[in-house]
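**Q** Provided below: data01.txt, containing compact mmCIF, C-alpha atoms.
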```
# COMPACT_ATOMS: atom_id res chain seq x y z
CA MET A 5 13.71 -4.71 -35.68
CA ASN A 6 15.35 -7.47 -33.61
CA MET A 7 13.73 -8.75 -30.45
CA GLU A 8 16.13 -7.01 -28.01
CA SER A 9 15.57 -3.59 -29.56
CA TYR A 10 11.83 -4.17 -29.76
CA ASN A 11 11.65 -5.15 -26.07
CA ALA A 12 13.58 -2.00 -25.11
CA VAL A 13 11.22 0.19 -27.13
CA TYR A 14 8.25 -1.69 -25.68
CA CYS A 15 9.44 -1.11 -22.08
CA LEU A 16 9.85 2.62 -22.66
CA GLY A 17 6.49 2.79 -24.41
CA ASN A 18 4.86 0.81 -21.62
CA LEU A 19 6.27 3.22 -19.05
CA PHE A 20 4.66 6.11 -20.88
CA MET A 21 1.44 4.11 -21.27
CA THR A 22 1.36 3.68 -17.49
CA PHE A 23 1.38 7.47 -17.21
CA VAL A 24 -1.46 7.61 -19.74
CA ILE A 25 -3.46 5.16 -17.63
CA TYR A 26 -2.75 7.28 -14.54
CA LYS A 27 -4.19 10.32 -16.33
CA TYR A 28 -7.12 8.23 -17.57
CA MET A 29 -7.88 6.92 -14.08
CA HIS A 30 -7.99 10.46 -12.71
CA ILE A 31 -10.80 11.28 -15.13
CA PHE A 32 -12.95 8.87 -13.11
CA TYR A 33 -11.67 9.62 -9.61
CA SER A 34 -10.72 12.67 -7.56
CA ASP A 35 -9.97 11.17 -4.13
CA CYS A 36 -7.35 8.49 -3.46
CA ARG A 37 -7.50 6.19 -0.42
CA VAL A 38 -3.69 6.19 -0.07
CA ASN A 39 -1.05 8.90 -0.02
CA PHE A 40 0.84 10.24 -3.03
CA LYS A 41 3.87 7.94 -2.68
CA LEU A 42 1.83 4.75 -2.35
CA GLU A 43 -0.25 5.73 -5.37
CA ARG A 44 2.87 6.18 -7.49
CA LEU A 45 4.30 2.92 -6.16
CA ALA A 46 1.11 1.11 -7.18
CA TYR A 47 1.42 2.39 -10.76
CA PHE A 48 5.07 1.37 -10.87
CA GLY A 49 4.02 -2.11 -9.72
CA TYR A 50 1.40 -2.16 -12.49
CA PHE A 51 4.09 -1.26 -15.04
CA VAL A 52 6.44 -4.01 -13.81
CA VAL A 53 3.76 -6.72 -13.79
CA ILE A 54 2.34 -6.09 -17.27
CA THR A 55 5.79 -5.54 -18.80
CA LEU A 56 7.20 -8.82 -17.47
CA THR A 57 4.02 -10.66 -18.43
CA TYR A 58 4.30 -9.44 -22.00
CA ILE A 59 8.03 -10.01 -22.44
CA PHE A 60 8.10 -13.53 -21.03
CA LEU A 61 4.71 -14.86 -22.13
CA LYS A 62 3.32 -12.79 -25.04
CA ILE A 63 0.09 -14.81 -24.96
CA PRO A 64 -2.86 -12.44 -25.62
CA LEU A 65 -5.32 -14.16 -23.27
CA ILE A 66 -2.88 -14.06 -20.35
CA ASN A 67 -1.92 -10.44 -21.06
CA LEU A 68 -5.57 -9.42 -21.25
CA THR A 69 -6.37 -11.15 -17.95
CA VAL A 70 -3.35 -9.71 -16.12
CA ASN A 71 -4.08 -6.21 -17.43
CA LEU A 72 -7.70 -6.31 -16.32
CA ILE A 73 -6.84 -7.64 -12.85
CA THR A 74 -4.03 -5.15 -12.20
CA LEU A 75 -6.10 -2.24 -13.53
CA PHE A 76 -9.01 -3.24 -11.31
CA LEU A 77 -6.74 -3.42 -8.26
CA THR A 78 -5.38 0.02 -9.16
CA ALA A 79 -8.91 1.42 -9.42
CA LEU A 80 -9.60 0.18 -5.88
CA LEU A 81 -7.01 2.70 -4.63
CA TYR A 82 -9.59 5.43 -5.20
CA GLU A 83 -12.73 6.43 -3.34
CA GLY A 84 -15.77 4.80 -4.90
CA LYS A 85 -17.88 1.69 -5.07
CA THR A 86 -16.50 -1.62 -6.35
CA SER A 87 -18.96 -1.51 -9.24
CA LYS A 88 -17.50 1.83 -10.37
CA ALA A 89 -13.98 0.35 -10.17
CA LEU A 90 -15.09 -2.49 -12.43
CA LEU A 91 -16.78 -0.14 -14.90
CA SER A 92 -13.85 2.30 -15.04
CA THR A 93 -11.41 -0.59 -15.51
CA THR A 94 -13.47 -1.93 -18.39
CA ILE A 95 -13.76 1.43 -20.16
CA ILE A 96 -10.07 2.28 -19.68
CA TYR A 97 -8.69 -1.05 -20.81
CA PHE A 98 -10.95 -1.75 -23.77
CA SER A 99 -10.82 1.77 -25.20
CA LEU A 100 -7.00 1.69 -25.11
CA MET A 101 -7.04 -1.86 -26.39
CA MET A 102 -9.11 -0.74 -29.40
CA ILE A 103 -6.48 1.93 -30.19
CA GLU A 104 -3.73 -0.68 -29.88
CA THR A 105 -5.59 -3.07 -32.18
CA LEU A 106 -6.14 -0.36 -34.79
CA VAL A 107 -2.44 0.64 -34.72
CA ALA A 108 -1.32 -2.98 -34.96
CA PHE A 109 -3.72 -3.58 -37.83
CA LEU A 110 -2.43 -0.57 -39.78
CA THR A 111 1.29 -1.21 -39.19
CA SER A 112 1.47 -4.98 -39.55
CA ILE A 113 -0.34 -8.08 -40.70
CA LEU A 114 -2.51 -8.91 -37.73
CA GLU A 115 -3.33 -12.55 -37.10
CA LEU A 116 -4.97 -12.58 -33.71
CA ASN A 117 -5.20 -15.76 -31.68
CA LEU A 118 -5.68 -15.52 -27.92
CA LEU A 119 -3.56 -18.61 -27.25
CA ILE A 120 -0.64 -17.98 -29.60
CA PRO A 121 2.25 -15.59 -28.70
CA PHE A 122 2.36 -12.17 -30.36
CA LYS A 123 4.37 -11.78 -33.57
CA TYR A 124 4.11 -7.99 -33.67
CA LYS A 125 7.52 -6.21 -33.77
CA SER A 126 6.87 -2.68 -35.03
CA GLY A 127 8.73 -0.02 -33.02
CA PHE A 128 6.93 2.68 -34.99
CA GLY A 129 3.62 1.12 -33.99
CA ILE A 130 4.52 1.38 -30.30
CA VAL A 131 5.39 5.08 -30.63
CA ALA A 132 2.20 5.73 -32.62
CA LEU A 133 0.16 3.81 -30.04
CA ASN A 134 1.46 5.96 -27.16
CA ILE A 135 0.85 9.22 -29.01
CA LEU A 136 -2.68 8.25 -30.04
CA SER A 137 -3.54 6.90 -26.57
CA PHE A 138 -2.35 10.07 -24.86
CA SER A 139 -4.24 12.21 -27.38
CA TYR A 140 -7.38 10.18 -26.75
CA VAL A 141 -7.10 10.64 -22.96
CA LEU A 142 -6.65 14.39 -23.41
CA LEU A 143 -9.77 14.37 -25.58
CA VAL A 144 -11.99 12.59 -23.03
CA GLN A 145 -10.78 14.70 -20.09
CA GLY A 146 -13.74 16.94 -20.88
CA PHE A 147 -16.05 14.33 -19.33
CA LYS A 148 -16.23 15.69 -15.78
CA ASN A 149 -19.38 14.07 -14.44
CA VAL A 150 -17.94 10.54 -14.28
CA LYS A 151 -16.13 11.63 -11.09
CA THR A 152 -19.42 11.81 -9.21
CA LYS A 153 -19.63 9.65 -6.10
CA TYR A 154 -23.31 8.93 -6.60
CA PRO A 155 -23.57 5.23 -7.48
CA LEU A 156 -25.11 4.22 -10.79
CA PRO A 157 -28.34 2.18 -10.61
CA ASN A 158 -27.68 -1.45 -11.46
CA VAL A 159 -29.59 -1.35 -14.76
CA TYR A 160 -27.43 1.52 -16.05
CA TRP A 161 -24.24 -0.08 -14.76
CA LEU A 162 -24.98 -3.42 -16.44
CA SER A 163 -25.91 -1.71 -19.71
CA LEU A 164 -22.71 0.34 -19.80
CA ILE A 165 -20.36 -2.48 -18.87
CA THR A 166 -21.93 -4.86 -21.42
CA VAL A 167 -21.07 -2.67 -24.41
CA PRO A 168 -17.22 -2.83 -24.22
CA TYR A 169 -17.18 -6.56 -23.56
CA GLY A 170 -19.69 -7.09 -26.37
CA THR A 171 -17.61 -5.18 -28.92
CA ILE A 172 -14.44 -7.09 -27.98
CA ILE A 173 -16.20 -10.45 -28.29
CA MET A 174 -17.51 -9.38 -31.69
CA LEU A 175 -14.06 -8.39 -32.94
CA LEU A 176 -12.43 -11.55 -31.59
CA THR A 177 -15.02 -13.61 -33.45
CA ILE A 178 -14.31 -11.77 -36.71
CA PHE A 179 -10.53 -12.05 -36.36
CA THR A 180 -10.40 -15.70 -35.39
CA ASN A 181 -12.65 -16.74 -38.27
CA ASN A 182 -10.55 -14.80 -40.83
CA CYS A 183 -13.66 -14.34 -42.92
CA SER A 184 -13.42 -10.68 -43.81
CA SER A 185 -11.18 -8.44 -45.89
CA ARG A 186 -8.84 -5.91 -44.27
CA THR A 187 -11.18 -3.08 -45.27
CA ILE A 188 -14.13 -4.67 -43.52
CA LEU A 189 -11.98 -5.49 -40.50
CA PHE A 190 -10.82 -1.88 -40.29
CA ILE A 191 -14.41 -0.63 -40.49
CA CYS A 192 -15.45 -3.05 -37.74
CA MET A 193 -12.60 -1.95 -35.45
CA ALA A 194 -13.25 1.73 -36.06
CA SER A 195 -16.94 1.19 -35.37
CA ALA A 196 -16.16 -0.70 -32.16
CA PHE A 197 -13.86 2.11 -31.04
CA ALA A 198 -16.58 4.68 -31.75
CA ILE A 199 -19.06 2.59 -29.77
CA ASN A 200 -16.72 2.62 -26.77
CA ILE A 201 -16.36 6.41 -27.00
CA VAL A 202 -20.16 6.73 -27.12
CA THR A 203 -20.36 4.47 -24.06
CA PHE A 204 -18.03 6.81 -22.20
CA TYR A 205 -20.17 9.76 -23.33
CA LEU A 206 -23.33 8.04 -22.10
CA TYR A 207 -21.66 7.29 -18.76
CA ASP A 208 -20.85 10.99 -18.40
CA LYS A 209 -24.39 12.08 -19.32
CA ILE A 210 -26.06 9.52 -17.07
CA SER A 211 -23.86 10.65 -14.18
CA ASP A 212 -24.82 14.26 -14.92
CA LEU A 213 -28.52 13.38 -14.89
CA LEU A 214 -28.16 11.46 -11.62
CA VAL A 215 -26.40 14.41 -9.96
CA ALA A 216 -29.10 16.80 -11.20
CA GLN A 217 -31.82 14.43 -9.97
CA MET A 218 -30.16 14.12 -6.57
CA ASN A 219 -29.80 17.90 -6.29
CA ARG A 220 -33.50 18.34 -7.08
CA ARG A 221 -34.42 15.83 -4.40
CA ILE A 222 -32.18 17.61 -1.89
CA ILE A 223 -33.83 20.96 -2.69
CA GLU A 224 -37.29 19.39 -2.38
CA GLU A 225 -36.28 17.89 0.96
CA GLN A 226 -34.98 21.25 2.15
CA ASN A 227 -38.20 22.95 1.07
CA ARG A 228 -40.26 20.40 2.99
CA TYR A 229 -37.97 20.91 5.96
CA TYR A 230 -38.48 24.67 5.97
CA GLU A 231 -42.21 24.40 5.40
CA ASN A 232 -42.33 22.25 8.52
CA GLN A 233 -40.22 24.77 10.45
CA VAL A 234 -42.47 27.64 9.39
CA GLU A 235 -45.55 25.74 10.53
CA MET A 236 -43.96 24.99 13.89
CA MET A 237 -42.85 28.59 14.34
CA GLU A 238 -46.31 29.90 13.43
CA SER A 239 -47.77 27.54 16.00
CA ALA A 240 -45.29 28.78 18.62
CA LEU A 241 -46.19 32.40 17.79
CA LYS A 242 -49.89 31.64 18.11
CA ASN A 243 -49.30 30.05 21.51
CA MET A 244 -47.27 33.09 22.57
CA ARG A 245 -50.14 35.42 21.64
CA MET A 246 -52.54 33.28 23.62
CA LEU A 247 -50.15 33.35 26.56
CA ARG A 248 -49.93 37.14 26.46
CA HIS A 249 -53.72 37.39 26.39
CA ASP A 250 -54.10 35.05 29.36
CA PHE A 251 -51.26 36.81 31.18
CA LYS A 252 -53.02 40.18 30.83
CA ASN A 253 -56.29 38.76 32.15
CA LYS A 254 -54.58 37.27 35.19
CA LEU A 255 -52.63 40.45 36.00
CA SER A 256 -55.74 42.66 36.17
CA PRO A 257 -57.18 41.42 39.51
CA LEU A 258 -53.83 41.26 41.36
CA CYS A 259 -53.88 44.88 42.52
CA GLU A 260 -57.36 44.50 43.97
CA LEU A 261 -56.35 41.34 45.81
CA ALA A 262 -53.31 43.15 47.25
CA LYS A 263 -55.39 46.18 48.34
CA SER A 264 -58.01 44.01 49.98
CA GLY A 265 -55.36 42.00 51.85
CA LYS A 266 -56.33 38.64 50.39
CA ILE A 267 -52.80 37.27 50.68
CA ASN A 268 -53.61 33.56 50.18
CA GLU A 269 -55.55 34.17 46.99
CA LEU A 270 -52.83 36.60 45.78
CA THR A 271 -50.17 33.98 46.41
CA GLU A 272 -52.18 31.41 44.48
CA ARG A 273 -52.58 33.74 41.49
CA LEU A 274 -48.87 34.61 41.53
CA SER A 275 -48.03 30.90 41.55
CA GLU A 276 -50.16 30.44 38.42
CA LEU A 277 -48.32 33.30 36.73
CA THR A 278 -44.98 31.74 37.65
CA ASP A 279 -46.02 28.50 35.99
CA MET A 280 -47.13 30.37 32.87
CA CYS A 281 -43.79 32.18 32.67
CA GLN A 282 -41.84 28.93 32.90
CA ILE A 283 -39.98 29.03 29.57
CA THR A 284 -38.44 26.15 27.70
CA LYS A 285 -34.90 25.42 28.80
CA GLU A 286 -32.23 27.13 26.72
CA TYR A 287 -29.37 24.83 25.79
CA ALA A 288 -27.48 27.38 23.66
CA VAL A 289 -26.72 30.89 24.97
CA SER A 290 -23.72 31.87 22.85
CA GLY A 291 -25.24 35.15 21.72
CA ASN A 292 -25.33 34.08 18.07
CA SER A 293 -29.06 34.30 17.42
CA THR A 294 -29.03 31.96 14.40
CA ILE A 295 -27.15 29.11 16.07
CA ASP A 296 -28.87 29.55 19.45
CA SER A 297 -32.38 29.63 17.99
CA ILE A 298 -31.84 26.54 15.83
CA ILE A 299 -30.41 24.48 18.71
CA ASN A 300 -32.96 25.62 21.29
CA PHE A 301 -35.82 25.11 18.86
CA LYS A 302 -34.69 21.63 17.87
CA LEU A 303 -34.05 20.49 21.44
CA GLN A 304 -37.10 22.01 23.09
CA GLN A 305 -38.65 18.58 23.65
CA ALA A 306 -35.39 16.87 24.65
CA GLU A 307 -35.95 17.12 28.41
CA LYS A 308 -39.41 15.59 28.17
CA LYS A 309 -37.88 12.66 26.26
CA ASN A 310 -35.23 12.09 28.95
CA ILE A 311 -32.39 13.12 26.65
CA GLN A 312 -29.31 14.48 28.39
CA ILE A 313 -28.01 17.50 26.50
CA LYS A 314 -24.55 19.01 26.79
CA ALA A 315 -23.78 22.07 24.69
CA ASP A 316 -20.45 23.87 24.48
CA ILE A 317 -20.76 26.76 22.03
CA LEU A 318 -18.16 29.48 21.53
CA VAL A 319 -18.86 31.57 18.44
CA PRO A 320 -19.09 35.30 17.73
CA GLU A 321 -22.47 37.01 17.72
CA ASP A 322 -22.13 38.25 14.15
CA LEU A 323 -20.66 35.23 12.41
CA SER A 324 -21.74 35.65 8.80
CA VAL A 325 -22.90 32.19 7.81
CA GLU A 326 -26.10 32.25 5.79
CA THR A 327 -29.06 31.41 8.00
CA PHE A 328 -30.36 28.96 5.40
CA ASP A 329 -27.06 27.07 5.33
CA MET A 330 -26.75 26.93 9.11
CA ALA A 331 -30.32 25.70 9.40
CA VAL A 332 -29.60 22.95 6.87
CA ILE A 333 -26.38 21.89 8.61
CA LEU A 334 -27.44 22.06 12.27
CA GLY A 335 -31.07 21.17 11.58
CA ASN A 336 -30.30 17.96 9.73
CA LEU A 337 -27.53 16.86 12.09
CA LEU A 338 -29.73 17.43 15.15
CA ASP A 339 -32.68 15.70 13.47
CA ASN A 340 -30.47 12.67 12.83
CA ALA A 341 -29.15 12.73 16.40
CA LEU A 342 -32.66 12.98 17.91
CA GLU A 343 -33.89 10.14 15.70
CA ALA A 344 -30.93 7.97 16.74
CA VAL A 345 -31.20 8.54 20.51
CA ALA A 346 -34.93 7.78 20.40
CA GLN A 347 -34.02 4.15 19.67
CA THR A 348 -31.76 3.76 22.72
CA GLY A 349 -32.17 3.51 26.48
CA ASP A 350 -29.15 5.65 27.30
CA ARG A 351 -30.11 8.93 25.64
CA TRP A 352 -27.58 11.73 25.29
CA ILE A 353 -26.47 14.35 22.79
CA HIS A 354 -23.29 16.39 23.10
CA ILE A 355 -22.89 19.49 20.93
CA ARG A 356 -19.65 21.42 20.50
CA ILE A 357 -19.40 24.43 18.18
CA LYS A 358 -16.31 26.61 18.11
CA TYR A 359 -14.73 29.25 15.92
CA THR A 360 -10.94 29.37 15.92
CA LYS A 361 -8.28 30.56 13.50
CA GLY A 362 -10.60 31.06 10.56
CA ARG A 363 -12.43 27.78 11.06
CA LEU A 364 -15.93 26.97 12.30
CA ILE A 365 -15.96 23.50 13.85
CA ILE A 366 -19.19 21.64 14.64
CA VAL A 367 -19.03 18.33 16.50
CA ILE A 368 -22.20 16.41 17.41
CA ASN A 369 -21.97 13.18 19.42
CA ASN A 370 -24.98 11.10 20.30
CA SER A 371 -25.87 7.68 21.63
CA PHE A 372 -27.34 5.13 19.22
CA ASN A 373 -28.11 1.44 19.04
CA GLY A 374 -24.98 0.50 17.08
CA LEU A 375 -26.82 -0.36 13.86
CA VAL A 376 -25.83 1.47 10.68
CA LYS A 377 -26.51 0.94 7.00
CA LYS A 378 -23.47 1.80 4.93
CA THR A 379 -22.29 1.16 1.36
CA GLU A 380 -18.61 1.94 0.70
CA ASP A 381 -18.13 5.46 2.15
CA HIS A 382 -21.83 6.40 2.20
CA TYR A 383 -24.16 6.18 5.20
CA MET A 384 -27.65 5.19 4.09
CA THR A 385 -31.02 5.74 5.71
CA ARG A 386 -32.47 2.76 7.60
CA LYS A 387 -36.02 3.78 6.70
CA LYS A 388 -37.90 1.67 4.18
CA ASP A 389 -38.58 4.61 1.86
CA GLU A 390 -34.98 5.15 0.78
CA LYS A 391 -35.96 7.35 -2.16
CA ASN A 392 -37.53 10.06 0.01
CA HIS A 393 -35.27 9.73 3.04
CA GLY A 394 -31.55 9.68 3.70
CA LEU A 395 -30.92 13.05 2.05
CA GLY A 396 -30.01 14.82 5.30
CA LEU A 397 -26.26 14.17 5.16
CA LYS A 398 -26.20 14.95 1.44
CA SER A 399 -27.89 18.29 2.18
CA VAL A 400 -25.28 19.01 4.85
CA GLN A 401 -22.46 18.10 2.45
CA LYS A 402 -23.89 20.38 -0.21
CA ALA A 403 -24.22 23.29 2.24
CA ILE A 404 -20.69 23.05 3.66
CA GLN A 405 -19.16 22.96 0.17
CA LYS A 406 -19.94 26.69 -0.07
CA TYR A 407 -17.39 27.23 2.69
CA ASP A 408 -14.75 24.80 1.35
CA GLY A 409 -15.79 22.55 4.20
CA ALA A 410 -15.56 18.87 4.98
CA MET A 411 -17.53 16.38 7.01
CA GLN A 412 -16.23 13.34 8.88
CA ILE A 413 -18.42 10.58 10.33
CA SER A 414 -17.34 7.94 12.83
CA HIS A 415 -19.02 5.58 15.27
CA ASP A 416 -18.49 2.74 17.69
CA GLU A 417 -20.95 0.39 19.37
CA LYS A 418 -22.58 3.08 21.53
CA GLY A 419 -21.68 6.49 20.10
CA PHE A 420 -22.10 8.23 16.76
CA GLN A 421 -20.08 11.33 15.86
CA VAL A 422 -20.29 13.87 13.04
CA LYS A 423 -17.60 16.53 12.61
CA VAL A 424 -18.09 19.48 10.28
CA LEU A 425 -15.32 21.92 9.38
CA MET A 426 -15.94 25.16 7.47
CA TYR A 427 -13.26 27.68 6.54
CA MET A 428 -13.99 31.37 7.03
CA ASN A 429 -11.66 34.33 6.52
CA LEU A 430 -11.83 37.41 8.72
CA ASN A 431 -13.87 39.03 5.96
CA ASN A 432 -16.67 36.61 6.81
CA TRP A 433 -17.15 38.31 10.16
CA GLY A 434 -19.76 41.01 10.54
CA GLY A 435 -19.70 43.99 12.91
```
If you took the structure in this file and wrote it as structure tokens, what would it be?
**A**
Amino acid sequence: MNMESYNAVYCLGNLFMTFVIYKYMHIFYSDCRVNFKLERLAYFGYFVVITLTYIFLKIPLINLTVNLITLFLTALLYEGKTSKALLSTTIIYFSLMMIETLVAFLTSILELNLLIPFKYKSGFGIVALNILSFSYVLLVQGFKNVKTKYPLPNVYWLSLITVPYGTIIMLLTIFTNNCSSRTILFICMASAFAINIVTFYLYDKISDLLVAQMNRRIIEEQNRYYENQVEMMESALKNMRMLRHDFKNKLSPLCELAKSGKINELTERLSELTDMCQITKEYAVSGNSTIDSIINFKLQQAEKKNIQIKADILVPEDLSVETFDMAVILGNLLDNALEAVAQTGDRWIHIRIKYTKGRLIIVINNSFNGLVKKTEDHYMTRKKDEKNHGLGLKSVQKAIQKYDGAMQISHDEKGFQVKVLMYMNLNNWGG
């Protein structure tokens, strides 16, 4: 095949390979930072850059470097940590590179030198490469856990990323020394390809274990949360019983005081009863017992701590959200807000909850000191014990997923805001 025909076949094959890489990238990521058109434009730019680099240079080392850089930049289009972008780039490029090397080895005499231009001109090899690469991507689409947004611990990340680079270095050493027969070379390449597949499998399993571990920690945190709530409620019930007992004892002598005309003493006793009946301020009076009780219970000490509370709640009485879920969502968000305002001089919390057009919207604004700890798109706890804290927002996220919900967090120097949106059909209403 002459060079012009080969370049035409290569361009068409490279266009299809760009689609393969798009499909491969979406195995790792579900959310893109840019819109649909910009994403497609980025992949077209990737196709143009690597195609021109190959046609005009054909030097393996330059092509490898350009491919890795452009793939990494493409991976940054998606939601995730930079370390995940680097790991996904490595797995994508080197697994496809191993397929390309195997095809080139089987369809031509392969003399690999990173500084000498390619001499490969097999049109059949390009077609075979695209078919095999697409088949491989379809095969590994079953690995679903690699999409998780939970970051890998550094030791796992380093272990996984070392394997592909190690296998490539090994193969380059074997090829450049020309010390092995074609059979041995084929076995080495096939083994390296298998190792890269196993690496992908391990990445998927490690991600699965991390998600399961995080879910267990969230459940444990929720259990501790509810144990604490039960203890507090039992204490409140005990105090109520004591109040009723004292109230009965103080009511008994009032009639005698009234009959005997002891007005001053009667007034004094009535004043004591008034103080006893002074109930905690109610911030939520929407009529929805679940939402009202959670808010009033959480904020019962707010006035004593000089926290200004503003609550605007408009929800139906019989809104059928599971009590457990609402307690997780409101409880954790209010706990975070109370913890944040405690570290400021200007203390305020504004709560807005509204149901409209099939949507339950919760917005909590609070003052804070302007200090946050954040990695990529995740807000982290500022407590020293990170392992056993910082699960509140993850618990909220897990709860709202049952209602196809979403959570948005924003802040400026003085205010912190959390918005929660949950979708509910009319069937979710009771009564």
**Q** One decimal, in Å: what's the spacing between CA of Leu213 in chain A and CA of Asp408 in chain A?
**A** 24.2 Å
**Q** Contacts of range 27-33 of chain A at 6 Å or less, counting only C-alpha atoms, minus same-chain residues fewer than 3 places along, as a ChimeraX atom specification?
**A** /A:24,141,150-151
**Q** So how far away is CA of Asn340 in chain A from CA of Ser211 in chain A, in Å?
**A**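 Those two atoms sit 27.9 Å apart.
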**Q** Could you please determine the separation between CA of Leu110 in chain A and CA of Phe197 in chain A in Å, to one decimal place?
**A**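 Distance reported for this atom pair: 14.6 Å.
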**Q** Set the distance at 7 Å and use only C-alpha atoms: which residues neighbour Gly409 in chain A once local chain neighbours fewer than 3 positions away are removed? I'd like the list as a ChimeraX atom specification.
**A** /A:404-405,425-427
**Q** May I ask which of the residues A:Leu375, A:Val367, A:Leu142, A:Val53 is the closest one to Gln421 in chain A, counting all atoms listed in the file?
**A**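 That would be A:Val367, the residue with the smallest distance to Gln421 in chain A.
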**Q** Could you give me, as JSON, numbers by chain, the residues that sit within 8 Å of (-24.7, 13.2, 22.6) in the file's coordinates, counting only C-alpha atoms?
**A** {"A": [312, 313, 314, 341, 351, 352, 353, 354, 355, 368, 369, 370, 371, 419]}
**Q** Between A:Val167, A:Val52, A:Met411, A:Val424, single out the one closest to Phe98 in chain A, counting all atoms listed in the file.
**A**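 For Phe98 in chain A, the nearest of the given residues is A:Val167.
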**Q** Select, from A:Leu175, A:Ile295, A:Leu91, A:Phe138, the residue with the minimum atom-to-atom distance to Ile188 in chain A, counting all atoms listed in the file.
**A** A:Leu175
**Q** Any idea what's packed within 10 Å of Ala194 in chain A, counting all atoms listed in the file, ignoring anything in its chain fewer than 3 positions away? Could you give it as an MDAnalysis selection string?
**A** chainID A and resid 102:103 105:106 188:191 197:200
**Q** Hey, can you spit out that residue selection with C-alpha atoms as a compact mmCIF listing (two decimals), in the coordinates of the input?
**A**
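And here's out.txt as it stands now:
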```
# COMPACT_ATOMS: atom_id res chain seq x y z
CA MET A 102 -9.11 -0.74 -29.40
CA ILE A 103 -6.48 1.93 -30.19
CA THR A 105 -5.59 -3.07 -32.18
CA LEU A 106 -6.14 -0.36 -34.79
CA ILE A 188 -14.13 -4.67 -43.52
CA LEU A 189 -11.98 -5.49 -40.50
CA PHE A 190 -10.82 -1.88 -40.29
CA ILE A 191 -14.41 -0.63 -40.49
CA PHE A 197 -13.86 2.11 -31.04
CA ALA A 198 -16.58 4.68 -31.75
CA ILE A 199 -19.06 2.59 -29.77
CA ASN A 200 -16.72 2.62 -26.77
```
**Q** Would you list the contacts of range 326-329 of chain A as a ChimeraX atom specification, taking every protein, DNA or RNA residue within 9 Å and counting only C-alpha atoms, but skipping same-chain residues closer than 5 positions in sequence?
**A** /A:294-295,334,400,403-404,406
**Q** Name the closest residue to Leu206 in chain A among the candidates A:Arg220, A:Asp350, A:Cys192, A:Asn149; distances are taken between atoms, counting all atoms listed in the file.
**A**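 Among the listed residues, the smallest separation from Leu206 in chain A belongs to A:Asn149.
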**Q** Select, from A:Thr94, A:Ser297, A:Ser139, A:Thr152, the residue with the minimum atom-to-atom distance to Met218 in chain A, counting all atoms listed in the file.
**A**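 Of A:Thr94, A:Ser297, A:Ser139, A:Thr152, the one nearest Met218 in chain A is A:Thr152, counting all atoms listed in the file.
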